[in-house]
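> Have a look at this one before I ask anything.
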Amino acid sequence: MILKKREKPQELILYELLETRKTLNTEERKKYNKLKKGYEGECMFDSYTNNLSNDARVINDLLLLQNERLFQIDSLILVNHQLFLFEIKNFIGEFYFEGGDFYKEPGYEIENPLIQLKRSHSLLKRFLQDKKSTIQIHPYVAFVNPECTIYQVPRKNSIILPTQIIPFFKRFSKTNIKSNEKNLMNQLLTAHQSDYIINHPPVYSLAELKKGIVCENCGSLETEISNQYLYCNNCQTKEDATKAIVRTIEAYATLFPTSAITTKQIENWCGYTVTSNRIYRVLQRYYHPRGKNRWIYYTRQQT
Ligand SMILES: [Zn+2]
């Protein structure tokens with residue numbers, strides 16, 4: 001049973017939207033690729049845990065605070081009366097361990113994932129001690145990508161290689177979850193820090209972003225609206241025009257959460273490819289008007 005589903009990180013959503021409207025610089029591109037690869041790896045991992053028996057309990061992307069220290073757990077699974085903590089890595093290429101350090105071939109030292117794992121393990125241990133829980137915790141780094149090879153893996157380690165993931169989850173038998181275990185999982189869910197702030201958010205301004213309606217299929221701005229459809233001149237995809245306009249308003253609201261949504265702003269954001277009347281009708285139908293007359297603006301939520 002999945003207690004907390006994995007959601008696409010907000011930071012990744014921002015980069016996806018920005019990528020279609022500006023040229024990302026080297027740093028931004030690097031960050032974007034890292035976030036994308038990480039999320040893809042986590043989804044790959046989820047495809048295995050989604051098939052666990054019903055009495056297993058899964059919490060994804062858990063962010064906890066222990067002694068004023070934040071730590072993130074990619075996946076936490078309670079099964080067979082034990083708790084499994086997973087740090088998920090979507091590495092591609094050849095890697096090796098040597099003298100307690102971790103390297104990418106041909107010899108670049110990179111951050112040892114076992115050290116990161118040790119930190120979250122010890123913080124989780126303390127978190128559970130505070131809750132008077134004595135449940136056993138097993139920490140693992142799971143390398144999910146089949147194109148990843150790791151040499152000199154220390155024995156008696158906390159590493160799951162791509163070929164070991166399926167057998168790892170197969171070994172669990174069906175057992176009933178105890179009520180104190182249920183409580184513990186609920187306590188963990190309640191402790192999740194949902195208003196997480198992005199450390200170094202991408203920096204951008206409305207002026208620098210290209211205006212227009214992005215094709216949902218290929219991300220191109222070479223689109224045009226004709227009656228009921230949005231047509232892409234790059235990949236020839238056809239999309240319902242209203243749906244495309246709503247999608248474009250949503251992108252604006254996500255990128256500029258503190259700016260007011262007005263007909264004028266959206267007209268500009270769409271690159272003047274949609275008439276203000278049509279934008280007005282879409283806003284009236286799908287959003288919530290505030291203010292009066294020419295001061296009217298729209299919000300996504302009713303309250
Ligand atoms: Zn397209």
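Residues in the structure tokens are numbered from 1 in each chain, the chains being A, B, ... in the order shown, and ligands are numbered from 1 in the order shown.
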Throw together the list of residues within 12 Å of ligand 1, counting only C-alpha atoms and all ligand atoms, and drop it here as a list in words.

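The residues within 12 Å of ligand 1, counting only C-alpha atoms and all ligand atoms, are Thr20, Ile213, Val214, Cys215, Glu216, Asn217, Cys218, Gly219, Ser220, Leu221, Glu222, Thr223, Glu224, Leu230, Tyr231, Cys232, Asn233, Asn234, Cys235, Gln236, Thr237, Lys238 and Glu239 of chain A.
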
> Could you pull out all residues of region 136-245 of chain A with a DSSP call of helix (DSSP H, G or I) and give them as number ranges by chain?

A: 162-170, 179-191, 241-245

> Quick one: residues within 7 Å of region 82-93 of chain A, only C-alpha atoms, excluding same-chain residues fewer than 3 positions away - as a count of residues only?

26

> One decimal, Å: what's the distance from CA of Ile197 (chain A) over to CA of Phe102 (chain A), could you say?

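Interatomic distance here is 29.6 Å.
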
> Might you pull out every residue within 12 Å of Ser259 (chain A), with only C-alpha atoms counted and same-chain residues fewer than 3 positions away left off, and present them as a PyMOL selection string?

chain A and resi 205-206+249+252-256+262+265-266+297-299

> Dump N, CA and C atoms for the selected residues as an mmCIF file, in the first residue's frame?


```
data_model
loop_
_atom_site.group_PDB
_atom_site.id
_atom_site.type_symbol
_atom_site.label_atom_id
_atom_site.label_comp_id
_atom_site.auth_asym_id
_atom_site.auth_seq_id
_atom_site.Cartn_x
_atom_site.Cartn_y
_atom_site.Cartn_z
ATOM 1 N N SER A 205 13.016 36.215 -15.278
ATOM 2 C CA SER A 205 12.047 37.311 -15.260
ATOM 3 C C SER A 205 11.100 37.149 -16.432
ATOM 4 N N LEU A 206 9.935 37.765 -16.306
ATOM 5 C CA LEU A 206 8.929 37.666 -17.367
ATOM 6 C C LEU A 206 9.489 38.197 -18.690
ATOM 7 N N ILE A 249 -1.934 29.147 -19.147
ATOM 8 C CA ILE A 249 -2.204 29.961 -17.957
ATOM 9 C C ILE A 249 -1.582 29.280 -16.724
ATOM 10 N N TYR A 252 2.051 29.937 -16.521
ATOM 11 C CA TYR A 252 2.280 31.299 -16.036
ATOM 12 C C TYR A 252 2.130 31.352 -14.508
ATOM 13 N N ALA A 253 1.054 30.744 -14.019
ATOM 14 C CA ALA A 253 0.773 30.768 -12.574
ATOM 15 C C ALA A 253 1.856 30.019 -11.787
ATOM 16 N N THR A 254 2.412 28.973 -12.387
ATOM 17 C CA THR A 254 3.458 28.209 -11.703
ATOM 18 C C THR A 254 4.773 28.987 -11.686
ATOM 19 N N LEU A 255 5.090 29.633 -12.801
ATOM 20 C CA LEU A 255 6.355 30.380 -12.885
ATOM 21 C C LEU A 255 6.295 31.692 -12.108
ATOM 22 N N PHE A 256 5.104 32.291 -12.059
ATOM 23 C CA PHE A 256 4.966 33.585 -11.372
ATOM 24 C C PHE A 256 3.837 33.527 -10.334
ATOM 25 N N THR A 262 -4.298 38.202 -15.056
ATOM 26 C CA THR A 262 -5.293 39.082 -15.678
ATOM 27 C C THR A 262 -5.361 38.769 -17.166
ATOM 28 N N GLN A 265 -2.278 40.227 -18.899
ATOM 29 C CA GLN A 265 -1.040 39.474 -18.670
ATOM 30 C C GLN A 265 -1.016 38.214 -19.519
ATOM 31 N N ILE A 266 -2.148 37.513 -19.560
ATOM 32 C CA ILE A 266 -2.203 36.243 -20.290
ATOM 33 C C ILE A 266 -2.139 36.491 -21.805
ATOM 34 N N TYR A 297 -8.971 40.324 -11.478
ATOM 35 C CA TYR A 297 -7.896 39.337 -11.678
ATOM 36 C C TYR A 297 -8.433 37.978 -11.261
ATOM 37 N N TYR A 298 -7.668 36.935 -11.541
ATOM 38 C CA TYR A 298 -8.167 35.570 -11.326
ATOM 39 C C TYR A 298 -7.228 34.766 -10.449
ATOM 40 N N THR A 299 -7.813 33.836 -9.702
ATOM 41 C CA THR A 299 -6.985 32.932 -8.886
ATOM 42 C C THR A 299 -7.330 31.493 -9.255
#
```

> Please identify all polymer residues within 8 Å of region 270-272 of chain A, counting only C-alpha atoms, omitting same-chain residues fewer than 5 positions from it, and present them as a compact mmCIF listing (two decimals) with C-alpha atoms, in the first residue's frame.


```txt
# COMPACT_ATOMS: atom_id res chain seq x y z
CA LYS A 211 5.96 34.39 -25.16
CA GLY A 212 3.53 32.13 -26.97
CA ILE A 213 1.78 28.81 -26.55
CA THR A 248 -0.49 28.05 -20.79
```

> Which neighbours of Glu181 (chain A) fall inside 12 Å, counting only C-alpha atoms, when residues of the same chain fewer than 2 positions from it are skipped, and could you give them as a PDB file with N, CA and C atoms, in the first residue's frame?


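Below you can see around28.pdb, which holds the result:
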```pdb
ATOM      1  N   ASP A  55       0.217  -5.628   2.418  1.00  0.00           N
ATOM      2  CA  ASP A  55       0.526  -5.328   3.815  1.00  0.00           C
ATOM      3  C   ASP A  55       1.821  -4.529   3.969  1.00  0.00           C
ATOM      4  N   ALA A  56       2.562  -4.352   2.878  1.00  0.00           N
ATOM      5  CA  ALA A  56       3.732  -3.467   2.949  1.00  0.00           C
ATOM      6  C   ALA A  56       3.233  -2.028   2.925  1.00  0.00           C
ATOM      7  N   ARG A  57       3.962  -1.147   3.587  1.00  0.00           N
ATOM      8  CA  ARG A  57       3.576   0.272   3.607  1.00  0.00           C
ATOM      9  C   ARG A  57       4.718   1.094   3.021  1.00  0.00           C
ATOM     10  N   ILE A  77      10.099   1.910   3.414  1.00  0.00           N
ATOM     11  CA  ILE A  77       9.146   0.811   3.264  1.00  0.00           C
ATOM     12  C   ILE A  77       9.088  -0.026   4.532  1.00  0.00           C
ATOM     13  N   LEU A  78       7.901  -0.229   5.025  1.00  0.00           N
ATOM     14  CA  LEU A  78       7.711  -1.109   6.164  1.00  0.00           C
ATOM     15  C   LEU A  78       7.180  -2.435   5.630  1.00  0.00           C
ATOM     16  N   VAL A  79       7.954  -3.468   5.839  1.00  0.00           N
ATOM     17  CA  VAL A  79       7.520  -4.786   5.380  1.00  0.00           C
ATOM     18  C   VAL A  79       8.125  -5.838   6.309  1.00  0.00           C
ATOM     19  N   ASN A  80       7.376  -6.879   6.583  1.00  0.00           N
ATOM     20  CA  ASN A  80       7.824  -7.955   7.484  1.00  0.00           C
ATOM     21  C   ASN A  80       8.349  -7.413   8.822  1.00  0.00           C
ATOM     22  N   HIS A  81       7.673  -6.446   9.353  1.00  0.00           N
ATOM     23  CA  HIS A  81       7.992  -5.844  10.655  1.00  0.00           C
ATOM     24  C   HIS A  81       9.357  -5.162  10.708  1.00  0.00           C
ATOM     25  N   GLN A  82       9.870  -4.789   9.556  1.00  0.00           N
ATOM     26  CA  GLN A  82      11.138  -4.052   9.504  1.00  0.00           C
ATOM     27  C   GLN A  82      10.971  -2.839   8.610  1.00  0.00           C
ATOM     28  N   LEU A  83      11.857  -1.869   8.850  1.00  0.00           N
ATOM     29  CA  LEU A  83      11.782  -0.640   8.081  1.00  0.00           C
ATOM     30  C   LEU A  83      12.981  -0.585   7.126  1.00  0.00           C
ATOM     31  N   LEU A 128      13.188   7.976  15.374  1.00  0.00           N
ATOM     32  CA  LEU A 128      12.356   6.869  15.857  1.00  0.00           C
ATOM     33  C   LEU A 128      12.547   6.620  17.359  1.00  0.00           C
ATOM     34  N   LYS A 131      10.355   8.687  19.210  1.00  0.00           N
ATOM     35  CA  LYS A 131       8.967   8.202  19.167  1.00  0.00           C
ATOM     36  C   LYS A 131       8.830   6.886  19.935  1.00  0.00           C
ATOM     37  N   LYS A 132       9.900   6.498  20.625  1.00  0.00           N
ATOM     38  CA  LYS A 132       9.931   5.257  21.434  1.00  0.00           C
ATOM     39  C   LYS A 132       9.708   3.999  20.584  1.00  0.00           C
ATOM     40  N   SER A 133      10.170   4.065  19.357  1.00  0.00           N
ATOM     41  CA  SER A 133      10.023   2.896  18.501  1.00  0.00           C
ATOM     42  C   SER A 133      11.327   2.105  18.478  1.00  0.00           C
ATOM     43  N   THR A 134      11.203   0.775  18.498  1.00  0.00           N
ATOM     44  CA  THR A 134      12.405  -0.055  18.486  1.00  0.00           C
ATOM     45  C   THR A 134      12.513  -0.843  17.181  1.00  0.00           C
ATOM     46  N   ILE A 135      11.746  -0.427  16.194  1.00  0.00           N
ATOM     47  CA  ILE A 135      11.742  -1.158  14.919  1.00  0.00           C
ATOM     48  C   ILE A 135      13.140  -1.149  14.293  1.00  0.00           C
ATOM     49  N   GLN A 136      13.471  -2.253  13.653  1.00  0.00           N
ATOM     50  CA  GLN A 136      14.782  -2.375  13.011  1.00  0.00           C
ATOM     51  C   GLN A 136      14.809  -1.598  11.693  1.00  0.00           C
ATOM     52  N   ASN A 176       0.888  -9.745   8.350  1.00  0.00           N
ATOM     53  CA  ASN A 176      -0.029  -8.670   8.728  1.00  0.00           C
ATOM     54  C   ASN A 176       0.710  -7.573   9.469  1.00  0.00           C
ATOM     55  N   ILE A 177       0.363  -6.379   9.156  1.00  0.00           N
ATOM     56  CA  ILE A 177       0.994  -5.236   9.811  1.00  0.00           C
ATOM     57  C   ILE A 177       0.372  -5.067  11.208  1.00  0.00           C
ATOM     58  N   LYS A 178       1.214  -4.751  12.204  1.00  0.00           N
ATOM     59  CA  LYS A 178       0.701  -4.576  13.579  1.00  0.00           C
ATOM     60  C   LYS A 178       0.187  -3.151  13.755  1.00  0.00           C
ATOM     61  N   SER A 179      -0.643  -2.978  14.762  1.00  0.00           N
ATOM     62  CA  SER A 179      -1.253  -1.646  14.925  1.00  0.00           C
ATOM     63  C   SER A 179      -0.207  -0.589  15.311  1.00  0.00           C
ATOM     64  N   ASN A 183       0.638   2.923  13.369  1.00  0.00           N
ATOM     65  CA  ASN A 183       0.762   4.218  14.060  1.00  0.00           C
ATOM     66  C   ASN A 183       2.066   4.902  13.721  1.00  0.00           C
ATOM     67  N   LEU A 184       3.123   4.115  13.715  1.00  0.00           N
ATOM     68  CA  LEU A 184       4.442   4.673  13.434  1.00  0.00           C
ATOM     69  C   LEU A 184       4.464   5.302  12.034  1.00  0.00           C
ATOM     70  N   MET A 185       3.905   4.591  11.058  1.00  0.00           N
ATOM     71  CA  MET A 185       3.903   5.116   9.690  1.00  0.00           C
ATOM     72  C   MET A 185       3.082   6.412   9.629  1.00  0.00           C
ATOM     73  N   ASN A 186       1.995   6.447  10.380  1.00  0.00           N
ATOM     74  CA  ASN A 186       1.192   7.678  10.414  1.00  0.00           C
ATOM     75  C   ASN A 186       1.958   8.831  11.044  1.00  0.00           C
ATOM     76  N   GLN A 187       2.724   8.517  12.084  1.00  0.00           N
ATOM     77  CA  GLN A 187       3.538   9.564  12.728  1.00  0.00           C
ATOM     78  C   GLN A 187       4.566  10.115  11.757  1.00  0.00           C
ATOM     79  N   LEU A 188       5.149   9.218  10.972  1.00  0.00           N
ATOM     80  CA  LEU A 188       6.151   9.652   9.986  1.00  0.00           C
ATOM     81  C   LEU A 188       5.510  10.553   8.926  1.00  0.00           C
TER      82      LEU A 188
END
```

> Could you give me the residues within region 64-290 of chain A that DSSP places in strand (DSSP E), as an NGL selection string?

:A and (64-66 or 69-79 or 82-89 or 93-98 or 101-104 or 108-110 or 136-143 or 148-151 or 159-160 or 223-226 or 229-232 or 238-240 or 288-290)

> Can you tell me how far CA of Pro106 (chain A) sits from CA of Val153 (chain A), in Å to one decimal?

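According to the coordinates, CA of Pro106 (chain A) and CA of Val153 (chain A) are separated by 16.6 Å.
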
> Report, in Å to a single decimal, how far apart CA of Ile225 (chain A) and CA of Arg285 (chain A) are.

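Calculated distance between CA of Arg285 (chain A) and CA of Ile225 (chain A) is 19.1 Å.
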
> With only C-alpha atoms as the atoms that count, which of A:Glu94, A:Asp240, A:Glu105, A:Asp195 lies nearest to Pro146 (chain A)?

A:Glu94

> Just the residues within 10 Å of Leu14 (chain A), please, counting only C-alpha atoms, with nothing from its chain fewer than 3 positions along; format it as a PyMOL selection string.

chain A and resi 9-11+17-19+32+201-202+251+254-255

> Could you dump the residues just selected with N, CA and C atoms as a compact mmCIF listing (two decimals), in the first residue's frame?


```
# COMPACT_ATOMS: atom_id res chain seq x y z
N PRO A 9 9.15 16.81 -8.48
CA PRO A 9 9.61 17.94 -7.67
C PRO A 9 9.29 19.28 -8.32
N GLN A 10 8.89 20.23 -7.49
CA GLN A 10 8.52 21.56 -7.97
C GLN A 10 9.65 22.20 -8.78
N GLU A 11 10.87 21.98 -8.33
CA GLU A 11 12.03 22.57 -9.01
C GLU A 11 12.16 22.02 -10.43
N LEU A 17 9.34 24.03 -17.52
CA LEU A 17 8.62 25.17 -18.11
C LEU A 17 9.60 26.19 -18.69
N LEU A 18 10.69 26.42 -17.97
CA LEU A 18 11.66 27.42 -18.41
C LEU A 18 12.38 26.99 -19.69
N GLU A 19 12.63 25.68 -19.78
CA GLU A 19 13.39 25.16 -20.91
C GLU A 19 12.75 25.51 -22.25
N TYR A 32 19.05 20.97 -14.27
CA TYR A 32 17.84 20.40 -14.87
C TYR A 32 18.03 18.92 -15.18
N PRO A 201 16.68 28.37 -6.11
CA PRO A 201 15.70 28.30 -7.20
C PRO A 201 16.24 28.98 -8.46
N PRO A 202 15.78 28.53 -9.64
CA PRO A 202 16.22 29.19 -10.86
C PRO A 202 15.78 30.66 -10.85
N ALA A 251 1.02 27.37 -16.65
CA ALA A 251 2.48 27.56 -16.70
C ALA A 251 2.84 28.93 -16.14
N THR A 254 2.41 28.97 -12.39
CA THR A 254 3.46 28.21 -11.70
C THR A 254 4.77 28.99 -11.69
N LEU A 255 5.09 29.63 -12.80
CA LEU A 255 6.35 30.38 -12.89
C LEU A 255 6.30 31.69 -12.11
```
